[in-house]
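Okay, query-v5.pdb is below, PDB, C-alpha atoms:
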ATOM      1  CA  MET A   1     -14.742 -11.269  14.664  1.00  0.00           C
ATOM      2  CA  PHE A   2     -11.267 -10.702  13.277  1.00  0.00           C
ATOM      3  CA  GLY A   3      -9.063 -12.156  10.558  1.00  0.00           C
ATOM      4  CA  ILE A   4      -5.599 -12.152   9.011  1.00  0.00           C
ATOM      5  CA  CYS A   5      -4.463 -12.892   5.465  1.00  0.00           C
ATOM      6  CA  ASN A   6      -2.251 -15.998   5.188  1.00  0.00           C
ATOM      7  CA  LEU A   7      -1.817 -15.861   1.391  1.00  0.00           C
ATOM      8  CA  SER A   8       0.446 -13.652  -0.693  1.00  0.00           C
ATOM      9  CA  ILE A   9      -1.862 -11.237  -2.597  1.00  0.00           C
ATOM     10  CA  VAL A  10      -5.646 -11.465  -2.198  1.00  0.00           C
ATOM     11  CA  PRO A  11      -8.223  -9.270  -3.991  1.00  0.00           C
ATOM     12  CA  LEU A  12     -10.467  -7.030  -1.909  1.00  0.00           C
ATOM     13  CA  ARG A  13     -13.711  -6.572  -3.833  1.00  0.00           C
ATOM     14  CA  ALA A  14     -16.465  -3.958  -3.887  1.00  0.00           C
ATOM     15  CA  GLU A  15     -19.189  -6.624  -3.634  1.00  0.00           C
ATOM     16  CA  PRO A  16     -19.278 -10.265  -2.456  1.00  0.00           C
ATOM     17  CA  SER A  17     -18.551 -11.808  -5.850  1.00  0.00           C
ATOM     18  CA  ASP A  18     -15.521 -12.978  -7.830  1.00  0.00           C
ATOM     19  CA  GLN A  19     -16.836 -10.880 -10.736  1.00  0.00           C
ATOM     20  CA  SER A  20     -16.940  -7.701  -8.642  1.00  0.00           C
ATOM     21  CA  GLU A  21     -14.438  -4.860  -9.065  1.00  0.00           C
ATOM     22  CA  MET A  22     -11.150  -5.263  -7.191  1.00  0.00           C
ATOM     23  CA  ILE A  23     -10.885  -2.088  -5.112  1.00  0.00           C
ATOM     24  CA  SER A  24      -7.692  -3.002  -3.243  1.00  0.00           C
ATOM     25  CA  GLN A  25      -5.541  -5.945  -2.251  1.00  0.00           C
ATOM     26  CA  VAL A  26      -4.926  -7.706   1.057  1.00  0.00           C
ATOM     27  CA  LEU A  27      -1.290  -8.723   1.409  1.00  0.00           C
ATOM     28  CA  PHE A  28       0.163 -11.526   3.495  1.00  0.00           C
ATOM     29  CA  GLY A  29      -0.049 -10.619   7.185  1.00  0.00           C
ATOM     30  CA  ASP A  30      -2.643  -7.844   6.772  1.00  0.00           C
ATOM     31  CA  TYR A  31      -5.232  -8.129   9.540  1.00  0.00           C
ATOM     32  CA  PHE A  32      -8.728  -6.760   9.844  1.00  0.00           C
ATOM     33  CA  THR A  33     -12.101  -6.616  11.559  1.00  0.00           C
ATOM     34  CA  ILE A  34     -14.870  -8.777  10.102  1.00  0.00           C
ATOM     35  CA  ILE A  35     -17.935  -6.524   9.849  1.00  0.00           C
ATOM     36  CA  GLU A  36     -20.365  -9.106   8.459  1.00  0.00           C
ATOM     37  CA  LYS A  37     -20.151 -12.656   7.179  1.00  0.00           C
ATOM     38  CA  ASN A  38     -22.232 -14.705   4.743  1.00  0.00           C
ATOM     39  CA  LYS A  39     -21.809 -18.155   3.199  1.00  0.00           C
ATOM     40  CA  CYS A  40     -18.735 -17.424   1.070  1.00  0.00           C
ATOM     41  CA  TRP A  41     -17.673 -13.819   1.730  1.00  0.00           C
ATOM     42  CA  SER A  42     -16.830 -11.497   4.600  1.00  0.00           C
ATOM     43  CA  LYS A  43     -17.068  -7.730   4.618  1.00  0.00           C
ATOM     44  CA  ILE A  44     -13.938  -6.482   6.375  1.00  0.00           C
ATOM     45  CA  LYS A  45     -12.340  -3.271   7.618  1.00  0.00           C
ATOM     46  CA  MET A  46      -8.549  -3.182   7.289  1.00  0.00           C
ATOM     47  CA  ALA A  47      -6.692  -2.379  10.506  1.00  0.00           C
ATOM     48  CA  PHE A  48      -4.004  -0.392   8.671  1.00  0.00           C
ATOM     49  CA  ASP A  49      -6.154   2.168   6.838  1.00  0.00           C
ATOM     50  CA  HIS A  50      -9.786   1.289   7.780  1.00  0.00           C
ATOM     51  CA  PHE A  51     -10.569   0.558   4.119  1.00  0.00           C
ATOM     52  CA  GLU A  52     -13.602  -1.697   3.633  1.00  0.00           C
ATOM     53  CA  GLY A  53     -14.405  -4.403   1.100  1.00  0.00           C
ATOM     54  CA  TYR A  54     -15.183  -8.086   0.628  1.00  0.00           C
ATOM     55  CA  ILE A  55     -12.782 -11.026   0.919  1.00  0.00           C
ATOM     56  CA  ASP A  56     -13.350 -14.714   0.147  1.00  0.00           C
ATOM     57  CA  HIS A  57     -13.521 -16.925   3.259  1.00  0.00           C
ATOM     58  CA  LYS A  58     -11.006 -19.315   1.734  1.00  0.00           C
ATOM     59  CA  GLN A  59      -8.347 -16.628   1.607  1.00  0.00           C
ATOM     60  CA  PHE A  60      -7.826 -15.776   5.272  1.00  0.00           C
ATOM     61  CA  VAL A  61      -7.905 -17.296   8.747  1.00  0.00           C
ATOM     62  CA  GLU A  62      -9.743 -15.987  11.781  1.00  0.00           C
ATOM     63  CA  ILE A  63      -7.908 -14.669  14.815  1.00  0.00           C
ATOM     64  CA  SER A  64      -9.119 -13.819  18.318  1.00  0.00           C
ATOM     65  CA  GLU A  65      -9.781 -10.310  19.591  1.00  0.00           C
ATOM     66  CA  THR A  66      -6.786 -10.772  21.884  1.00  0.00           C
ATOM     67  CA  GLN A  67      -4.590 -11.510  18.883  1.00  0.00           C
ATOM     68  CA  PHE A  68      -6.009  -8.543  16.961  1.00  0.00           C
ATOM     69  CA  ILE A  69      -5.193  -6.175  19.836  1.00  0.00           C
ATOM     70  CA  ALA A  70      -1.730  -7.687  20.250  1.00  0.00           C
ATOM     71  CA  LEU A  71      -1.009  -7.246  16.541  1.00  0.00           C
ATOM     72  CA  SER A  72      -2.205  -3.632  16.701  1.00  0.00           C
ATOM     73  CA  GLU A  73       0.094  -2.890  19.614  1.00  0.00           C
ATOM     74  CA  SER A  74       3.178  -4.725  18.325  1.00  0.00           C
ATOM     75  CA  GLU A  75       5.979  -3.249  16.220  1.00  0.00           C
ATOM     76  CA  HIS A  76       5.344  -3.996  12.566  1.00  0.00           C
ATOM     77  CA  THR A  77       7.970  -5.657  10.397  1.00  0.00           C
ATOM     78  CA  TYR A  78       7.579  -5.683   6.600  1.00  0.00           C
ATOM     79  CA  ALA A  79       9.121  -7.803   3.856  1.00  0.00           C
ATOM     80  CA  ALA A  80      11.594  -5.603   1.944  1.00  0.00           C
ATOM     81  CA  GLU A  81      12.180  -7.633  -1.233  1.00  0.00           C
ATOM     82  CA  ILE A  82       9.998  -7.641  -4.360  1.00  0.00           C
ATOM     83  CA  ILE A  83       9.307 -11.319  -3.687  1.00  0.00           C
ATOM     84  CA  ALA A  84      10.582 -13.660  -0.984  1.00  0.00           C
ATOM     85  CA  PHE A  85       9.598 -17.044   0.383  1.00  0.00           C
ATOM     86  CA  SER A  86       8.587 -18.453   3.730  1.00  0.00           C
ATOM     87  CA  SER A  87       7.948 -21.941   5.051  1.00  0.00           C
ATOM     88  CA  ASN A  88       5.924 -23.127   8.028  1.00  0.00           C
ATOM     89  CA  THR A  89       6.380 -26.077  10.360  1.00  0.00           C
ATOM     90  CA  ASN A  90       4.564 -28.342   7.865  1.00  0.00           C
ATOM     91  CA  LYS A  91       7.183 -27.447   5.211  1.00  0.00           C
ATOM     92  CA  ASP A  92       4.550 -25.580   3.165  1.00  0.00           C
ATOM     93  CA  PHE A  93       6.018 -22.733   1.105  1.00  0.00           C
ATOM     94  CA  PHE A  94       4.467 -19.279   0.753  1.00  0.00           C
ATOM     95  CA  THR A  95       5.352 -16.344  -1.494  1.00  0.00           C
ATOM     96  CA  ILE A  96       5.816 -13.135   0.496  1.00  0.00           C
ATOM     97  CA  PRO A  97       5.452  -9.906  -1.543  1.00  0.00           C
ATOM     98  CA  LEU A  98       7.071  -6.545  -0.897  1.00  0.00           C
ATOM     99  CA  GLY A  99       5.299  -4.794   1.984  1.00  0.00           C
ATOM    100  CA  ALA A 100       3.808  -7.931   3.527  1.00  0.00           C
ATOM    101  CA  HIS A 101       3.434  -7.776   7.307  1.00  0.00           C
ATOM    102  CA  LEU A 102       5.361 -10.414   9.279  1.00  0.00           C
ATOM    103  CA  PRO A 103       3.554 -10.731  12.645  1.00  0.00           C
ATOM    104  CA  TYR A 104       5.769 -10.862  15.762  1.00  0.00           C
ATOM    105  CA  TYR A 105       8.923 -11.149  13.655  1.00  0.00           C
ATOM    106  CA  VAL A 106      12.083 -12.067  15.548  1.00  0.00           C
ATOM    107  CA  ASN A 107      15.188 -14.081  14.618  1.00  0.00           C
ATOM    108  CA  LYS A 108      13.938 -14.923  11.099  1.00  0.00           C
ATOM    109  CA  GLN A 109      10.627 -16.239  12.370  1.00  0.00           C
ATOM    110  CA  PHE A 110       7.077 -14.900  12.557  1.00  0.00           C
ATOM    111  CA  GLN A 111       3.760 -16.309  13.711  1.00  0.00           C
ATOM    112  CA  ILE A 112       0.063 -16.454  12.701  1.00  0.00           C
ATOM    113  CA  ASN A 113      -2.068 -18.011  15.439  1.00  0.00           C
ATOM    114  CA  SER A 114      -0.077 -21.099  16.516  1.00  0.00           C
ATOM    115  CA  GLU A 115       1.656 -21.486  13.146  1.00  0.00           C
ATOM    116  CA  ILE A 116       5.370 -20.632  13.075  1.00  0.00           C
ATOM    117  CA  TYR A 117       6.900 -19.428   9.790  1.00  0.00           C
ATOM    118  CA  HIS A 118      10.574 -19.204   8.851  1.00  0.00           C
ATOM    119  CA  PHE A 119      11.664 -16.218   6.752  1.00  0.00           C
ATOM    120  CA  GLU A 120      15.150 -15.582   5.344  1.00  0.00           C
ATOM    121  CA  GLY A 121      14.322 -12.396   3.416  1.00  0.00           C
ATOM    122  CA  THR A 122      15.294  -8.797   4.138  1.00  0.00           C
ATOM    123  CA  VAL A 123      12.944  -6.834   6.406  1.00  0.00           C
ATOM    124  CA  LEU A 124      12.120  -3.234   7.299  1.00  0.00           C
ATOM    125  CA  LYS A 125      10.797  -1.912  10.598  1.00  0.00           C
ATOM    126  CA  GLY A 126      10.293   1.377  12.394  1.00  0.00           C
ATOM    127  CA  CYS A 127      10.060   4.926  11.001  1.00  0.00           C
ATOM    128  CA  LEU A 128      12.798   5.548   8.446  1.00  0.00           C
ATOM    129  CA  PRO A 129      14.202   8.954   7.389  1.00  0.00           C
ATOM    130  CA  LYS A 130      12.250  10.851   4.731  1.00  0.00           C
ATOM    131  CA  THR A 131      15.067  10.305   2.252  1.00  0.00           C
ATOM    132  CA  GLU A 132      14.316   6.573   2.348  1.00  0.00           C
ATOM    133  CA  LEU A 133      10.984   7.258   0.613  1.00  0.00           C
ATOM    134  CA  LEU A 134      12.793   7.937  -2.650  1.00  0.00           C
ATOM    135  CA  GLN A 135      14.770   4.698  -2.493  1.00  0.00           C
ATOM    136  CA  ARG A 136      11.610   2.664  -1.811  1.00  0.00           C
ATOM    137  CA  ALA A 137       9.689   4.474  -4.544  1.00  0.00           C
ATOM    138  CA  HIS A 138      12.275   3.618  -7.197  1.00  0.00           C
ATOM    139  CA  VAL A 139      11.840  -0.097  -6.474  1.00  0.00           C
ATOM    140  CA  TYR A 140       8.384   0.156  -8.102  1.00  0.00           C
ATOM    141  CA  LEU A 141       9.609   1.815 -11.322  1.00  0.00           C
ATOM    142  CA  ASN A 142       7.940   0.306 -14.426  1.00  0.00           C
ATOM    143  CA  SER A 143       5.420  -1.663 -12.364  1.00  0.00           C
ATOM    144  CA  PRO A 144       2.258  -1.890 -14.492  1.00  0.00           C
ATOM    145  CA  PHE A 145      -0.801   0.117 -13.495  1.00  0.00           C
ATOM    146  CA  LEU A 146      -3.516  -2.081 -11.943  1.00  0.00           C
ATOM    147  CA  TRP A 147      -6.688  -0.624 -10.447  1.00  0.00           C
ATOM    148  CA  GLY A 148      -6.721  -1.667  -6.780  1.00  0.00           C
ATOM    149  CA  GLY A 149      -3.184  -3.065  -6.965  1.00  0.00           C
ATOM    150  CA  LYS A 150      -0.569  -2.699  -4.215  1.00  0.00           C
ATOM    151  CA  THR A 151       2.468  -4.656  -5.453  1.00  0.00           C
ATOM    152  CA  PRO A 152       5.267  -4.316  -8.037  1.00  0.00           C
ATOM    153  CA  PHE A 153       3.284  -6.779 -10.180  1.00  0.00           C
ATOM    154  CA  GLY A 154       0.456  -4.233 -10.543  1.00  0.00           C
ATOM    155  CA  ILE A 155      -0.314  -1.059  -8.606  1.00  0.00           C
ATOM    156  CA  ASP A 156      -2.506   2.036  -8.752  1.00  0.00           C
ATOM    157  CA  CYS A 157      -1.489   5.610  -7.953  1.00  0.00           C
ATOM    158  CA  SER A 158      -2.634   5.702  -4.321  1.00  0.00           C
ATOM    159  CA  GLY A 159      -1.588   2.099  -3.699  1.00  0.00           C
ATOM    160  CA  PHE A 160       1.890   3.150  -4.806  1.00  0.00           C
ATOM    161  CA  THR A 161       2.110   6.137  -2.457  1.00  0.00           C
ATOM    162  CA  GLN A 162       0.570   4.166   0.409  1.00  0.00           C
ATOM    163  CA  MET A 163       3.004   1.260   0.044  1.00  0.00           C
ATOM    164  CA  VAL A 164       6.095   3.489  -0.240  1.00  0.00           C
ATOM    165  CA  TYR A 165       5.132   5.318   2.947  1.00  0.00           C
ATOM    166  CA  LYS A 166       4.183   2.033   4.652  1.00  0.00           C
ATOM    167  CA  LEU A 167       7.627   0.544   3.989  1.00  0.00           C
ATOM    168  CA  CYS A 168       9.143   3.578   5.702  1.00  0.00           C
ATOM    169  CA  GLY A 169       6.873   3.234   8.745  1.00  0.00           C
ATOM    170  CA  TYR A 170       4.150   5.809   7.975  1.00  0.00           C
ATOM    171  CA  LYS A 171       0.418   5.398   7.418  1.00  0.00           C
ATOM    172  CA  LEU A 172      -1.473   6.797   4.462  1.00  0.00           C
ATOM    173  CA  LEU A 173      -5.139   6.167   3.746  1.00  0.00           C
ATOM    174  CA  ARG A 174      -6.040   4.062   0.704  1.00  0.00           C
ATOM    175  CA  ASN A 175      -7.416   6.438  -1.956  1.00  0.00           C
ATOM    176  CA  ALA A 176      -5.937   9.659  -3.364  1.00  0.00           C
ATOM    177  CA  LYS A 177      -8.962  11.666  -2.203  1.00  0.00           C
ATOM    178  CA  GLU A 178      -8.509  10.319   1.335  1.00  0.00           C
ATOM    179  CA  GLN A 179      -4.739  10.836   1.343  1.00  0.00           C
ATOM    180  CA  ALA A 180      -5.294  14.480   0.377  1.00  0.00           C
ATOM    181  CA  THR A 181      -6.932  15.025   3.802  1.00  0.00           C
ATOM    182  CA  GLN A 182      -3.643  14.151   5.543  1.00  0.00           C
ATOM    183  CA  GLY A 183      -0.610  16.319   6.220  1.00  0.00           C
ATOM    184  CA  GLU A 184       0.181  20.013   5.834  1.00  0.00           C
ATOM    185  CA  VAL A 185      -0.719  22.078   2.763  1.00  0.00           C
ATOM    186  CA  LEU A 186       2.161  23.704   0.881  1.00  0.00           C
ATOM    187  CA  SER A 187       1.449  26.799  -1.210  1.00  0.00           C
ATOM    188  CA  PHE A 188       4.092  26.371  -3.893  1.00  0.00           C
ATOM    189  CA  ILE A 189       6.171  23.627  -5.480  1.00  0.00           C
ATOM    190  CA  GLU A 190       9.259  25.545  -4.355  1.00  0.00           C
ATOM    191  CA  GLU A 191       8.290  24.848  -0.718  1.00  0.00           C
ATOM    192  CA  SER A 192       8.175  21.091  -1.274  1.00  0.00           C
ATOM    193  CA  GLU A 193      10.827  18.512  -0.484  1.00  0.00           C
ATOM    194  CA  PRO A 194      11.509  15.149  -2.097  1.00  0.00           C
ATOM    195  CA  GLY A 195       9.042  12.717  -0.546  1.00  0.00           C
ATOM    196  CA  ASP A 196       6.110  15.153  -0.328  1.00  0.00           C
ATOM    197  CA  LEU A 197       2.878  14.257  -2.114  1.00  0.00           C
ATOM    198  CA  ALA A 198       1.300  16.079  -5.047  1.00  0.00           C
ATOM    199  CA  PHE A 199      -2.421  15.646  -5.769  1.00  0.00           C
ATOM    200  CA  PHE A 200      -4.263  16.209  -9.024  1.00  0.00           C
ATOM    201  CA  ASP A 201      -7.940  16.762  -9.845  1.00  0.00           C
ATOM    202  CA  ASN A 202     -10.341  16.379 -12.764  1.00  0.00           C
ATOM    203  CA  GLU A 203     -12.616  18.925 -14.435  1.00  0.00           C
ATOM    204  CA  ASP A 204     -15.122  18.575 -11.605  1.00  0.00           C
ATOM    205  CA  GLY A 205     -12.495  19.418  -8.981  1.00  0.00           C
ATOM    206  CA  GLU A 206     -12.372  15.857  -7.621  1.00  0.00           C
ATOM    207  CA  ILE A 207      -8.939  14.569  -6.598  1.00  0.00           C
ATOM    208  CA  ILE A 208      -8.199  11.535  -8.746  1.00  0.00           C
ATOM    209  CA  HIS A 209      -4.405  11.133  -8.779  1.00  0.00           C
ATOM    210  CA  VAL A 210      -1.374  11.333  -6.487  1.00  0.00           C
ATOM    211  CA  GLY A 211       2.392  11.005  -6.825  1.00  0.00           C
ATOM    212  CA  ILE A 212       5.614  11.438  -4.857  1.00  0.00           C
ATOM    213  CA  ILE A 213       7.740  14.517  -5.524  1.00  0.00           C
ATOM    214  CA  LEU A 214      11.389  13.864  -6.388  1.00  0.00           C
ATOM    215  CA  ASN A 215      14.368  16.188  -6.919  1.00  0.00           C
ATOM    216  CA  ASN A 216      14.624  18.750  -9.727  1.00  0.00           C
ATOM    217  CA  TYR A 217      10.896  19.270 -10.295  1.00  0.00           C
ATOM    218  CA  THR A 218      10.132  15.660 -11.123  1.00  0.00           C
ATOM    219  CA  ILE A 219       7.497  13.272  -9.794  1.00  0.00           C
ATOM    220  CA  ILE A 220       7.182   9.484  -9.591  1.00  0.00           C
ATOM    221  CA  HIS A 221       3.647   8.179 -10.024  1.00  0.00           C
ATOM    222  CA  ALA A 222       1.573   5.296 -11.425  1.00  0.00           C
ATOM    223  CA  HIS A 223       0.113   6.211 -14.825  1.00  0.00           C
ATOM    224  CA  GLY A 224       0.131   3.268 -17.222  1.00  0.00           C
ATOM    225  CA  LYS A 225       3.166   2.181 -15.237  1.00  0.00           C
ATOM    226  CA  VAL A 226       5.163   3.651 -12.376  1.00  0.00           C
ATOM    227  CA  ARG A 227       7.149   6.369 -14.153  1.00  0.00           C
ATOM    228  CA  ILE A 228       9.025   9.618 -13.594  1.00  0.00           C
ATOM    229  CA  ASP A 229       7.738  12.797 -15.240  1.00  0.00           C
ATOM    230  CA  THR A 230       8.239  16.552 -14.957  1.00  0.00           C
ATOM    231  CA  LEU A 231       6.191  18.484 -12.371  1.00  0.00           C
ATOM    232  CA  ASP A 232       5.387  22.174 -12.837  1.00  0.00           C
ATOM    233  CA  HIS A 233       2.763  24.638 -11.572  1.00  0.00           C
ATOM    234  CA  SER A 234       0.239  23.332 -14.104  1.00  0.00           C
ATOM    235  CA  GLY A 235       0.698  19.680 -13.246  1.00  0.00           C
ATOM    236  CA  ILE A 236       2.468  16.631 -14.691  1.00  0.00           C
ATOM    237  CA  TYR A 237       4.155  16.989 -18.073  1.00  0.00           C
ATOM    238  CA  ASN A 238       4.688  13.702 -19.930  1.00  0.00           C
ATOM    239  CA  SER A 239       7.661  14.038 -22.292  1.00  0.00           C
ATOM    240  CA  ASP A 240       6.670  10.892 -24.207  1.00  0.00           C
ATOM    241  CA  LEU A 241       3.261  12.360 -25.026  1.00  0.00           C
ATOM    242  CA  GLN A 242       4.546  15.961 -25.203  1.00  0.00           C
ATOM    243  CA  LYS A 243       1.666  17.237 -23.087  1.00  0.00           C
ATOM    244  CA  HIS A 244       0.350  17.702 -19.552  1.00  0.00           C
ATOM    245  CA  THR A 245      -1.552  14.629 -18.349  1.00  0.00           C
ATOM    246  CA  HIS A 246      -2.667  15.741 -14.857  1.00  0.00           C
ATOM    247  CA  LYS A 247      -3.730  19.095 -13.388  1.00  0.00           C
ATOM    248  CA  LEU A 248      -2.100  20.042 -10.075  1.00  0.00           C
ATOM    249  CA  ARG A 249      -4.494  20.640  -7.179  1.00  0.00           C
ATOM    250  CA  VAL A 250      -2.472  20.647  -3.956  1.00  0.00           C
ATOM    251  CA  ILE A 251       0.880  19.626  -2.433  1.00  0.00           C
ATOM    252  CA  LYS A 252       0.951  18.051   1.023  1.00  0.00           C
ATOM    253  CA  LYS A 253       3.806  17.460   3.468  1.00  0.00           C
ATOM    254  CA  ILE A 254       3.116  14.249   5.384  1.00  0.00           C
ATOM    255  CA  ILE A 255       6.462  13.911   7.189  1.00  0.00           C
TER     256      ILE A 255
END
Go through the file and emit its structure as structure tokens.
Amino acid sequence: MFGICNLSIVPLRAEPSDQSEMISQVLFGDYFTIIEKNKCWSKIKMAFDHFEGYIDHKQFVEISETQFIALSESEHTYAAEIIAFSSNTNKDFFTIPLGAHLPYYVNKQFQINSEIYHFEGTVLKGCLPKTELLQRAHVYLNSPFLWGGKTPFGIDCSGFTQMVYKLCGYKLLRNAKEQATQGEVLSFIEESEPGDLAFFDNEDGEIIHVGIILNNYTIIHAHGKVRIDTLDHSGIYNSDLQKHTHKLRVIKKII
């Protein structure tokens, strides 16, 4: 079985309960495999990053295997504005967040199953130059930190890096620890370019944080909010707190 999200921002939970921890979010147009299904909840695996969790049955529609394969093979188009709106043939209106997938988009229209949607907003598609990462990252500045979040209305550190790369046409896995397995290791900060990723660990050596390197030894990352701080060989230095907040573990070049 397969499904697709037809609502703006839906919580993906660790367990099949509304009280369970939100571990990620499913945005409009995200599609997935349904691993198991009970009365009210489905355990799903996201097509984009293979991340697993539980989604309420009322917050998605099922699609056929043929549709799932077609979506996987089609060029992806993403909404490029912080928030936009869409309407279907029944004149129902939907909010479309930044980074939402617009299936089979062409001539300001997209489609979910037999439903046709009209969309006037700006879109992004294809693999963009690495320099575009910085422009997309700055759109999220001052977005509040939200565990499991993936939008400018609330986002976590790895959701931030994943969404910035997604908007530019590149795939990152969901969590910082998983993202650290991707790309090429760089030995020194001096070897890095704007757009590369820096990862940070805790006292146990576990990678717990990630950010995007900018120019002039700075980094943009989600810590309380999406903010810009100084990056040095020790880690992230927060000028507001006058101290290092994260210990540098590794720098990776993804593109």
* **His101 of chain A environment, 12 Å, all atoms listed in the file, sequence neighbours closer than 5 positions dropped, as an NGL selection string** => :A and (4-9 or 26-31 or 47-48 or 71-72 or 74-80 or 96 or 110-112 or 119 or 123-125 or 163 or 166-167 or 169)
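Of the listed residues (A:Glu120, A:Glu15, A:Glu62, A:Glu36), A:Glu120 comes nearest to Tyr105 of chain A; the distances count only C-alpha atoms.
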Decode the PyMOL selection byres ((chain A and resi 236) around 9) for the given file into explicit residues and return them as a PDB file with C-alpha atoms, in the frame of the given file.
ATOM      1  CA  PHE A 200      -4.263  16.209  -9.024  1.00  0.00           C
ATOM      2  CA  THR A 218      10.132  15.660 -11.123  1.00  0.00           C
ATOM      3  CA  ILE A 219       7.497  13.272  -9.794  1.00  0.00           C
ATOM      4  CA  ASP A 229       7.738  12.797 -15.240  1.00  0.00           C
ATOM      5  CA  THR A 230       8.239  16.552 -14.957  1.00  0.00           C
ATOM      6  CA  LEU A 231       6.191  18.484 -12.371  1.00  0.00           C
ATOM      7  CA  ASP A 232       5.387  22.174 -12.837  1.00  0.00           C
ATOM      8  CA  HIS A 233       2.763  24.638 -11.572  1.00  0.00           C
ATOM      9  CA  SER A 234       0.239  23.332 -14.104  1.00  0.00           C
ATOM     10  CA  GLY A 235       0.698  19.680 -13.246  1.00  0.00           C
ATOM     11  CA  TYR A 237       4.155  16.989 -18.073  1.00  0.00           C
ATOM     12  CA  ASN A 238       4.688  13.702 -19.930  1.00  0.00           C
ATOM     13  CA  LYS A 243       1.666  17.237 -23.087  1.00  0.00           C
ATOM     14  CA  HIS A 244       0.350  17.702 -19.552  1.00  0.00           C
ATOM     15  CA  THR A 245      -1.552  14.629 -18.349  1.00  0.00           C
ATOM     16  CA  HIS A 246      -2.667  15.741 -14.857  1.00  0.00           C
ATOM     17  CA  LYS A 247      -3.730  19.095 -13.388  1.00  0.00           C
ATOM     18  CA  LEU A 248      -2.100  20.042 -10.075  1.00  0.00           C
TER      19      LEU A 248
END
* Asked: Care to translate the PyMOL selection byres ((chain A and resi 84) around 10) into actual residues of this file, as number ranges by chain?
  -> A: 79-83, 85-86, 94-98, 100, 119-122
I need the residues from that last selection saved to file as a compact mmCIF listing (two decimals), keeping the file's coordinate frame (with C-alpha atoms), if you can.
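Listed below is the output, out-v9.txt:
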# COMPACT_ATOMS: atom_id res chain seq x y z
CA ALA A 79 9.12 -7.80 3.86
CA ALA A 80 11.59 -5.60 1.94
CA GLU A 81 12.18 -7.63 -1.23
CA ILE A 82 10.00 -7.64 -4.36
CA ILE A 83 9.31 -11.32 -3.69
CA PHE A 85 9.60 -17.04 0.38
CA SER A 86 8.59 -18.45 3.73
CA PHE A 94 4.47 -19.28 0.75
CA THR A 95 5.35 -16.34 -1.49
CA ILE A 96 5.82 -13.14 0.50
CA PRO A 97 5.45 -9.91 -1.54
CA LEU A 98 7.07 -6.54 -0.90
CA ALA A 100 3.81 -7.93 3.53
CA PHE A 119 11.66 -16.22 6.75
CA GLU A 120 15.15 -15.58 5.34
CA GLY A 121 14.32 -12.40 3.42
CA THR A 122 15.29 -8.80 4.14
* Asked: Suppose you want the space between atom CA of Ala14 of chain A and atom CA of Gly53 of chain A; what is it in Å?
  ->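 Answer for the atom CA of Ala14 of chain A to atom CA of Gly53 of chain A separation: 5.4 Å.
Of the residues listed (A:Pro16, A:Gly3, A:Gly183, A:Gly211), A:Gly3 shows the shortest atom-to-atom separation from Asn113 of chain A; distances use only C-alpha atoms.
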* Run the PyMOL selection byres ((chain A and resi 13) around 10) against the file shown and list the residues it catches, as a PyMOL selection string. => chain A and resi 10-12+14-25+41+43+52-56+148
* Kindly indicate which residue among A:Tyr217, A:Phe51, A:Tyr104, A:Tyr140 lies nearest to Asn175 of chain A, using all atoms listed in the file for the distances. =>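 The answer is A:Phe51, which sits nearest to Asn175 of chain A.
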* **Proximity to Ile255 of chain A - best of A:Glu190, A:Glu132, A:Asp201, A:Glu178, all atoms listed in the file** =>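 For Ile255 of chain A, the nearest of the candidates is A:Glu132.
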* Which residue, A:Val226, A:Cys127, A:Leu141, A:Val210, has the smallest gap to Arg174 of chain A when you use all atoms listed in the file? -> A:Val210
* **Atom pair atom CA of Ser64 of chain A / atom CA of Tyr165 of chain A: separation (Å)** =>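 Rounded to one decimal, the two atoms are 28.4 Å apart.
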* **Ile35 of chain A surroundings by only C-alpha atoms, 7 Å radius, close-in-sequence under 2 positions cut, as a PyMOL selection string** => chain A and resi 33+43-45
* Nearby residues (all atoms listed in the file) at most 7 Å from Ala198 of chain A, same-chain spacing under 5 positions excluded, as an MDAnalysis selection string -> chainID A and resid 210:213 250:252
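Counting from atom CA of His118 of chain A, the distance to atom CA of Lys91 of chain A is 9.6 Å.
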* Asked: Pick the closest to Cys168 of chain A from A:Gln59, A:Ser187, A:Thr131, A:Asn202: which is it, counting only C-alpha atoms?
  ->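 Selected residue with least distance to Cys168 of chain A: A:Thr131.
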